[in-house]
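Peer 1: Coordinates in target.cif, mmCIF, C-alpha atoms, pLDDT in the B column; chains and numbers go by the auth columns, are listed below.
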```
data_coords
loop_
_atom_site.group_PDB
_atom_site.id
_atom_site.type_symbol
_atom_site.label_atom_id
_atom_site.label_comp_id
_atom_site.label_asym_id
_atom_site.label_seq_id
_atom_site.Cartn_x
_atom_site.Cartn_y
_atom_site.Cartn_z
_atom_site.B_iso_or_equiv
_atom_site.auth_seq_id
_atom_site.auth_asym_id
ATOM 1 C CA MET A 1 117.704 110.685 76.243 78.00 1 A
ATOM 2 C CA ALA A 2 116.833 109.246 79.640 90.00 2 A
ATOM 3 C CA CYS A 3 114.450 110.430 82.320 94.00 3 A
ATOM 4 C CA PRO A 4 116.411 111.906 85.254 91.00 4 A
ATOM 5 C CA GLN A 5 115.885 110.393 88.670 89.00 5 A
ATOM 6 C CA ILE A 6 113.957 112.650 90.960 90.00 6 A
ATOM 7 C CA VAL A 7 115.866 114.005 93.959 89.00 7 A
ATOM 8 C CA VAL A 8 113.368 114.554 96.757 92.00 8 A
ATOM 9 C CA ASN A 9 113.729 118.008 98.271 91.00 9 A
ATOM 10 C CA CYS A 10 111.147 118.715 100.977 90.00 10 A
ATOM 11 C CA PRO A 11 111.669 121.874 103.049 83.00 11 A
ATOM 12 C CA GLU A 12 110.885 121.697 106.742 83.00 12 A
ATOM 13 C CA ASN A 13 108.188 124.371 106.470 85.00 13 A
ATOM 14 C CA CYS A 14 106.094 122.440 103.948 91.00 14 A
ATOM 15 C CA PRO A 15 102.408 122.598 104.996 92.00 15 A
ATOM 16 C CA ALA A 16 102.054 118.868 104.244 95.00 16 A
ATOM 17 C CA GLN A 17 105.100 117.796 106.239 93.00 17 A
ATOM 18 C CA HIS A 18 103.094 116.012 108.944 94.00 18 A
ATOM 19 C CA LEU A 19 101.546 113.686 106.348 96.00 19 A
ATOM 20 C CA ARG A 20 104.894 111.945 106.002 95.00 20 A
ATOM 21 C CA ASN A 21 104.314 110.379 109.437 95.00 21 A
ATOM 22 C CA LEU A 22 101.526 108.182 108.046 96.00 22 A
ATOM 23 C CA THR A 23 102.036 104.647 106.767 96.00 23 A
ATOM 24 C CA PHE A 24 101.807 104.129 103.020 96.00 24 A
ATOM 25 C CA GLY A 25 101.413 101.578 100.257 93.00 25 A
ATOM 26 C CA PRO A 26 98.700 99.040 99.333 88.00 26 A
ATOM 27 C CA GLN A 27 99.297 97.209 102.614 90.00 27 A
ATOM 28 C CA GLN A 28 99.766 100.452 104.587 92.00 28 A
ATOM 29 C CA ASN A 29 103.089 99.167 105.886 94.00 29 A
ATOM 30 C CA MET A 30 105.629 101.435 104.178 96.00 30 A
ATOM 31 C CA PRO A 31 107.227 104.636 105.459 97.00 31 A
ATOM 32 C CA TRP A 32 106.723 107.703 103.296 97.00 32 A
ATOM 33 C CA ASN A 33 110.196 107.765 101.750 95.00 33 A
ATOM 34 C CA ASN A 34 110.003 104.102 100.673 97.00 34 A
ATOM 35 C CA TRP A 35 106.568 104.617 99.125 97.00 35 A
ATOM 36 C CA VAL A 36 107.647 107.730 97.262 97.00 36 A
ATOM 37 C CA MET A 37 110.782 106.088 95.880 96.00 37 A
ATOM 38 C CA HIS A 38 108.746 103.059 94.808 96.00 38 A
ATOM 39 C CA CYS A 39 106.249 105.285 92.992 96.00 39 A
ATOM 40 C CA GLU A 40 108.904 107.453 91.382 97.00 40 A
ATOM 41 C CA ASP A 41 110.857 104.414 90.183 97.00 41 A
ATOM 42 C CA LEU A 42 107.694 103.249 88.408 96.00 42 A
ATOM 43 C CA ARG A 43 107.056 106.710 86.952 97.00 43 A
ATOM 44 C CA GLN A 44 110.646 106.988 85.759 97.00 44 A
ATOM 45 C CA ARG A 45 110.293 103.608 84.066 96.00 45 A
ATOM 46 C CA GLU A 46 107.197 104.817 82.221 97.00 46 A
ATOM 47 C CA CYS A 47 108.948 108.035 81.284 98.00 47 A
ATOM 48 C CA ASN A 48 111.876 106.112 79.823 97.00 48 A
ATOM 49 C CA GLU A 49 109.561 103.805 77.882 97.00 49 A
ATOM 50 C CA ILE A 50 107.817 106.795 76.319 98.00 50 A
ATOM 51 C CA LEU A 51 111.172 108.366 75.459 97.00 51 A
ATOM 52 C CA ARG A 52 112.270 105.093 73.887 97.00 52 A
ATOM 53 C CA ARG A 53 109.165 104.962 71.709 96.00 53 A
ATOM 54 C CA HIS A 54 108.760 108.617 70.811 97.00 54 A
ATOM 55 C CA GLY A 55 112.001 110.405 71.646 97.00 55 A
ATOM 56 C CA ARG A 56 110.036 112.879 73.780 97.00 56 A
ATOM 57 C CA ILE A 57 107.055 113.189 76.070 98.00 57 A
ATOM 58 C CA ARG A 58 104.197 114.172 73.785 98.00 58 A
ATOM 59 C CA LEU A 59 101.711 115.140 76.499 98.00 59 A
ATOM 60 C CA TYR A 60 101.634 115.388 80.290 98.00 60 A
ATOM 61 C CA ILE A 61 98.633 114.700 82.492 98.00 61 A
ATOM 62 C CA LEU A 62 99.212 116.629 85.707 98.00 62 A
ATOM 63 C CA THR A 63 97.306 115.541 88.822 98.00 63 A
ATOM 64 C CA GLU A 64 97.321 116.807 92.399 97.00 64 A
ATOM 65 C CA SER A 65 99.202 114.230 94.488 97.00 65 A
ATOM 66 C CA ILE A 66 100.154 110.598 95.040 96.00 66 A
ATOM 67 C CA PRO A 67 97.489 108.829 97.131 94.00 67 A
ATOM 68 C CA ARG A 68 98.497 107.180 100.384 94.00 68 A
ATOM 69 C CA THR A 69 97.706 103.564 99.469 91.00 69 A
ATOM 70 C CA ARG A 70 97.734 103.381 95.660 91.00 70 A
ATOM 71 C CA PHE A 71 99.522 104.746 92.638 94.00 71 A
ATOM 72 C CA VAL A 72 98.378 104.872 89.054 93.00 72 A
ATOM 73 C CA TYR A 73 101.452 103.060 87.696 95.00 73 A
ATOM 74 C CA ASP A 74 101.576 100.397 90.441 92.00 74 A
ATOM 75 C CA GLU A 75 99.933 97.116 89.428 87.00 75 A
ATOM 76 C CA GLN A 76 99.671 96.052 93.080 84.00 76 A
ATOM 77 C CA SER A 77 97.554 99.103 93.889 80.00 77 A
ATOM 78 C CA ASN A 78 93.840 98.382 93.971 74.00 78 A
ATOM 79 C CA TYR A 79 91.655 100.786 92.023 67.00 79 A
ATOM 80 C CA CYS A 80 88.927 98.202 91.510 61.00 80 A
ATOM 81 C CA ILE A 81 85.420 99.641 91.279 52.00 81 A
ATOM 82 C CA HIS A 82 84.472 97.294 94.115 45.00 82 A
ATOM 83 C CA SER A 83 86.836 99.112 96.485 51.00 83 A
ATOM 84 C CA ALA A 84 85.635 101.900 98.754 50.00 84 A
ATOM 85 C CA MET A 85 86.565 104.860 96.538 61.00 85 A
ATOM 86 C CA GLU A 86 86.936 105.162 92.795 72.00 86 A
ATOM 87 C CA GLY A 87 90.356 106.559 91.913 85.00 87 A
ATOM 88 C CA LEU A 88 92.166 108.063 88.959 91.00 88 A
ATOM 89 C CA ARG A 89 93.030 104.774 87.253 89.00 89 A
ATOM 90 C CA THR A 90 89.415 103.600 87.315 87.00 90 A
ATOM 91 C CA ARG A 91 88.252 106.904 85.867 91.00 91 A
ATOM 92 C CA LEU A 92 90.921 106.820 83.154 94.00 92 A
ATOM 93 C CA CYS A 93 89.944 103.268 82.195 91.00 93 A
ATOM 94 C CA LYS A 94 86.339 104.365 81.758 90.00 94 A
ATOM 95 C CA GLU A 95 87.143 107.474 79.745 94.00 95 A
ATOM 96 C CA LEU A 96 90.177 106.477 77.683 95.00 96 A
ATOM 97 C CA ILE A 97 89.668 102.776 76.934 94.00 97 A
ATOM 98 C CA ASN A 98 85.924 102.515 77.603 90.00 98 A
ATOM 99 C CA ALA A 99 86.463 99.758 80.158 79.00 99 A
ATOM 100 C CA GLU A 100 84.664 99.004 83.397 77.00 100 A
ATOM 101 C CA CYS A 101 86.034 96.798 86.146 73.00 101 A
ATOM 102 C CA PRO A 102 85.012 93.185 85.394 73.00 102 A
ATOM 103 C CA PRO A 103 82.460 91.962 87.966 69.00 103 A
ATOM 104 C CA ASP A 104 84.483 88.844 88.721 70.00 104 A
ATOM 105 C CA VAL A 105 87.761 90.713 89.340 67.00 105 A
ATOM 106 C CA CYS A 106 88.516 92.139 92.770 64.00 106 A
ATOM 107 C CA ASN A 107 92.132 93.191 92.253 67.00 107 A
ATOM 108 C CA CYS A 108 93.760 95.341 89.580 70.00 108 A
ATOM 109 C CA SER A 109 96.685 92.946 89.179 68.00 109 A
ATOM 110 C CA GLN A 110 94.185 90.390 87.814 71.00 110 A
ATOM 111 C CA CYS A 111 92.449 92.846 85.489 76.00 111 A
ATOM 112 C CA PRO A 112 93.267 93.144 81.758 81.00 112 A
ATOM 113 C CA ASN A 113 92.283 96.808 81.789 86.00 113 A
ATOM 114 C CA LEU A 114 95.518 97.829 83.512 87.00 114 A
ATOM 115 C CA ASN A 115 97.835 96.795 80.690 90.00 115 A
ATOM 116 C CA THR A 116 95.402 98.149 78.108 93.00 116 A
ATOM 117 C CA LEU A 117 95.428 101.546 79.810 94.00 117 A
ATOM 118 C CA LEU A 118 99.205 101.631 80.250 95.00 118 A
ATOM 119 C CA ASN A 119 99.759 100.679 76.609 96.00 119 A
ATOM 120 C CA TYR A 120 97.329 103.394 75.528 97.00 120 A
ATOM 121 C CA LEU A 121 99.322 105.984 77.475 98.00 121 A
ATOM 122 C CA ARG A 122 102.644 104.682 76.153 97.00 122 A
ATOM 123 C CA ASP A 123 101.430 104.577 72.549 97.00 123 A
ATOM 124 C CA LYS A 124 100.180 108.152 72.809 97.00 124 A
ATOM 125 C CA GLY A 125 103.340 109.351 74.587 98.00 125 A
ATOM 126 C CA ILE A 126 101.474 110.494 77.699 98.00 126 A
ATOM 127 C CA LEU A 127 103.151 110.688 81.119 98.00 127 A
ATOM 128 C CA ILE A 128 101.086 111.140 84.280 98.00 128 A
ATOM 129 C CA VAL A 129 102.786 113.413 86.828 98.00 129 A
ATOM 130 C CA ASP A 130 101.640 114.380 90.322 98.00 130 A
ATOM 131 C CA CYS A 131 102.276 117.865 91.661 97.00 131 A
ATOM 132 C CA ALA A 132 102.893 116.553 95.174 97.00 132 A
ATOM 133 C CA LEU A 133 104.449 113.474 96.741 97.00 133 A
ATOM 134 C CA CYS A 134 102.182 113.532 99.808 97.00 134 A
ATOM 135 C CA PRO A 135 98.419 112.712 99.856 97.00 135 A
ATOM 136 C CA LEU A 136 97.124 116.280 99.886 97.00 136 A
ATOM 137 C CA TYR A 137 93.473 115.200 100.048 95.00 137 A
ATOM 138 C CA ARG A 138 94.121 114.592 103.748 95.00 138 A
ATOM 139 C CA LEU A 139 94.581 118.339 104.291 96.00 139 A
ATOM 140 C CA ARG A 140 91.423 120.142 105.350 91.00 140 A
ATOM 141 C CA SER A 141 92.006 123.448 103.597 96.00 141 A
ATOM 142 C CA ASN A 142 92.037 123.770 99.810 96.00 142 A
ATOM 143 C CA ARG A 143 94.229 126.827 100.217 96.00 143 A
ATOM 144 C CA THR A 144 96.794 124.729 102.084 96.00 144 A
ATOM 145 C CA ARG A 145 96.488 122.017 99.432 97.00 145 A
ATOM 146 C CA ARG A 146 97.267 124.511 96.667 97.00 146 A
ATOM 147 C CA HIS A 147 100.298 125.885 98.484 95.00 147 A
ATOM 148 C CA ALA A 148 101.618 122.389 99.206 96.00 148 A
ATOM 149 C CA ALA A 149 101.030 121.275 95.605 97.00 149 A
ATOM 150 C CA THR A 150 102.850 124.321 94.281 96.00 150 A
ATOM 151 C CA ARG A 151 105.803 123.928 96.614 95.00 151 A
ATOM 152 C CA CYS A 152 106.269 120.235 95.835 96.00 152 A
ATOM 153 C CA LEU A 153 105.898 120.825 92.107 96.00 153 A
ATOM 154 C CA ASN A 154 108.551 123.537 92.260 94.00 154 A
ATOM 155 C CA ASN A 155 110.959 121.454 94.359 94.00 155 A
ATOM 156 C CA ASN A 156 110.391 117.927 93.071 96.00 156 A
ATOM 157 C CA THR A 157 108.098 116.846 90.273 97.00 157 A
ATOM 158 C CA ILE A 158 108.970 119.698 87.917 96.00 158 A
ATOM 159 C CA THR A 159 111.831 117.331 87.021 96.00 159 A
ATOM 160 C CA TYR A 160 109.437 115.355 84.833 97.00 160 A
ATOM 161 C CA LEU A 161 107.855 118.386 83.182 97.00 161 A
ATOM 162 C CA ASN A 162 111.325 119.557 82.238 96.00 162 A
ATOM 163 C CA VAL A 163 112.090 116.374 80.291 97.00 163 A
ATOM 164 C CA THR A 164 110.188 117.824 77.328 97.00 164 A
ATOM 165 C CA GLN A 165 109.772 121.481 78.122 96.00 165 A
ATOM 166 C CA ASP A 166 107.506 122.351 75.205 96.00 166 A
ATOM 167 C CA ALA A 167 105.080 119.439 75.655 97.00 167 A
ATOM 168 C CA PRO A 168 101.492 120.485 76.448 97.00 168 A
ATOM 169 C CA VAL A 169 99.862 119.759 79.806 98.00 169 A
ATOM 170 C CA ILE A 170 96.344 118.642 80.666 98.00 170 A
ATOM 171 C CA THR A 171 95.454 119.050 84.341 98.00 171 A
ATOM 172 C CA ILE A 172 93.126 116.821 86.356 97.00 172 A
ATOM 173 C CA PHE A 173 92.526 118.378 89.775 97.00 173 A
ATOM 174 C CA PRO A 174 89.789 118.251 92.385 95.00 174 A
ATOM 175 C CA ARG A 175 87.674 121.380 92.407 94.00 175 A
ATOM 176 C CA ASN A 176 89.560 124.448 93.664 95.00 176 A
ATOM 177 C CA CYS A 177 92.801 122.494 93.978 96.00 177 A
ATOM 178 C CA GLY A 178 96.033 122.193 92.016 96.00 178 A
ATOM 179 C CA PHE A 179 99.086 124.418 91.791 96.00 179 A
ATOM 180 C CA LEU A 180 98.993 128.209 92.150 94.00 180 A
ATOM 181 C CA ARG A 181 99.132 129.482 88.594 92.00 181 A
ATOM 182 C CA SER A 182 100.801 132.749 89.545 91.00 182 A
ATOM 183 C CA GLN A 183 103.738 130.870 91.081 91.00 183 A
ATOM 184 C CA GLN A 184 104.310 128.548 88.144 91.00 184 A
ATOM 185 C CA PRO A 185 103.812 130.690 85.019 93.00 185 A
ATOM 186 C CA ASN A 186 105.959 128.412 82.853 94.00 186 A
ATOM 187 C CA VAL A 187 103.803 125.380 83.597 95.00 187 A
ATOM 188 C CA GLN A 188 100.633 127.443 83.433 95.00 188 A
ATOM 189 C CA SER A 189 101.493 128.631 79.922 96.00 189 A
ATOM 190 C CA ARG A 190 101.652 124.995 78.763 97.00 190 A
ATOM 191 C CA VAL A 191 98.234 123.987 80.101 97.00 191 A
ATOM 192 C CA VAL A 192 95.879 123.388 77.182 97.00 192 A
ATOM 193 C CA ARG A 193 92.903 121.814 78.958 97.00 193 A
ATOM 194 C CA ARG A 194 91.689 121.561 82.552 97.00 194 A
ATOM 195 C CA PHE A 195 89.513 118.776 83.916 97.00 195 A
ATOM 196 C CA ASN A 196 87.788 118.295 87.247 95.00 196 A
ATOM 197 C CA PHE A 197 88.853 115.030 88.854 93.00 197 A
ATOM 198 C CA SER A 198 85.206 114.047 89.327 89.00 198 A
ATOM 199 C CA TYR A 199 84.232 114.638 85.684 92.00 199 A
ATOM 200 C CA LEU A 200 86.586 113.422 82.951 94.00 200 A
ATOM 201 C CA ARG A 201 84.081 113.226 80.117 94.00 201 A
ATOM 202 C CA GLY A 202 85.721 114.561 76.968 96.00 202 A
ATOM 203 C CA LEU A 203 89.266 113.768 78.081 97.00 203 A
ATOM 204 C CA LYS A 204 89.891 111.275 75.268 96.00 204 A
ATOM 205 C CA ASP A 205 88.750 113.766 72.625 96.00 205 A
ATOM 206 C CA ALA A 206 90.872 116.469 74.217 97.00 206 A
ATOM 207 C CA ILE A 207 93.930 114.224 74.070 97.00 207 A
ATOM 208 C CA GLN A 208 93.317 113.502 70.411 96.00 208 A
ATOM 209 C CA ASP A 209 92.943 117.201 69.625 96.00 209 A
ATOM 210 C CA VAL A 210 96.085 118.161 71.520 96.00 210 A
ATOM 211 C CA LEU A 211 98.220 115.457 69.948 95.00 211 A
ATOM 212 C CA VAL A 212 97.024 116.339 66.441 89.00 212 A
ATOM 213 C CA ASP A 213 98.023 119.959 66.998 71.00 213 A
ATOM 214 C CA SER A 214 101.380 119.184 68.641 66.00 214 A
#
```
Show me, as structure tokens, the structure contained in the file I just sent.

Peer 2:
Amino acid sequence: MACPQIVVNCPENCPAQHLRNLTFGPQQNMPWNNWVMHCEDLRQRECNEILRRHGRIRLYILTESIPRTRFVYDEQSNYCIHSAMEGLRTRLCKELINAECPPDVCNCSQCPNLNTLLNYLRDKGILIVDCALCPLYRLRSNRTRRHAATRCLNNNTITYLNVTQDAPVITIFPRNCGFLRSQQPNVQSRVVRRFNFSYLRGLKDAIQDVLVDS
């Protein structure tokens, strides 16, 4: 089994369409389509590695959207605690591998925590998937964010969730964000735990419980 390559399908009436006019990537020098393809190539690689090890995705972590300048699977993306805003990878390092950013390291590519985290996820069979391919945190309305997340999940990133259609899902969303449950009942029925992006305490225990039961 191999992870299918995502085929980006963005309708013209998407409420996040204007975000594609921004510049993207760690150096903020990439157009949207190049950044998305770069990120999805990395995600597909992780998906295939998990399939190679386990024959299936054992658990999905579903988040809201790909940030504009960094991506959880990209070693060139800076999530260092010394940067302006703490992101998902930093929070996962703290919660899942009990690791803080070393004080003498200013770039993730120089930090041993990155490989430790990625190997943890691979060993557990966990794939991180974003609902949306655009940075929805740049939208002012949470209602608009939810609609955009739902539309992009339906049109694009559902590809990953369909690789192992009975695998459970843990969501990590900002407060009052994420996909509209009524419009994705199949995904909703697979959600076993929900976490607020700002508070991941208990995530490691939840993963252990879910994987024991699966």

Peer 1: Around all of segment 201-210 of chain A's listed atoms, make the axis-aligned box with 3 Å on each side and tell me centre and edge lengths in Å to one decimal, as lines of an AutoDock Vina configuration file.

Peer 2:
```
center_x = 90.1
center_y = 114.7
center_z = 74.9
size_x = 18.0
size_y = 12.9
size_z = 16.5
```

Peer 1: Could you spell out the hits of the PyMOL selection byres ((chain A and resi 62) around 6) on the shown file, as a count of residues only?

Peer 2: 6

Peer 1: Expand the PyMOL selection byres ((chain A and resi 16-31) around 9) into the explicit residue set it covers here, and present it as a PyMOL selection string.

Peer 2: chain A and resi 10-15+32-36+67-71+76-78+134-136+138-139+144-145+148

Peer 1: How many Å separate atom CA of Met37 of chain A from atom CA of Ser141 of chain A?

Peer 2: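 These two atoms are separated by 26.7 Å.
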
Peer 1: For the atom pair atom CA of Tyr60 of chain A and atom CA of Asn176 of chain A, what is the interatomic distance in Å to one decimal place?

Peer 2: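 Computed distance, atom CA of Tyr60 of chain A to atom CA of Asn176 of chain A, equals 20.2 Å.
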
Peer 1: With distances taken over only C-alpha atoms, which residue among A:Leu117, A:Ile50, A:Leu59, A:Leu127 lies nearest Val192 of chain A?

Peer 2: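 Comparing A:Leu117, A:Ile50, A:Leu59, A:Leu127 against Val192 of chain A, the winner is A:Leu59.
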
Peer 1: Counting all atoms listed in the file, write as a PyMOL selection string all protein and nucleic acid residues lying at most 12 Å from (87.6, 102.0, 81.1) in the file's frame.

Peer 2: chain A and resi 79-81+88-102+111-118+120+200-201+204

Peer 1: Could you write out as a PyMOL selection string the residues that the PyMOL selection byres ((chain A and resi 153-165) around 10) matches in the shown file?

Peer 2: chain A and resi 1-11+40+43-44+47+51+55-62+64-65+127-133+147-152+166-169+178-179+183-184+186-187+190

Peer 1: How many Å separate atom CA of Ser182 of chain A from atom CA of Asp213 of chain A?

Peer 2: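 Taking atom CA of Ser182 of chain A and atom CA of Asp213 of chain A, their separation equals 26.1 Å.
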
Peer 1: Using all atoms listed in the file, can you tell me which of A:Cys39, A:His54, A:Phe195, A:Gln208 comes closest to Glu75 of chain A?

Peer 2: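 The closest residue to Glu75 of chain A is A:Cys39.
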
Peer 1: Counting all atoms listed in the file, which of A:Ile66, A:Asp104, A:Arg175, A:Ile126 gets nearest to Phe197 of chain A?

Peer 2: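 Among the listed residues, the smallest separation from Phe197 of chain A belongs to A:Arg175.
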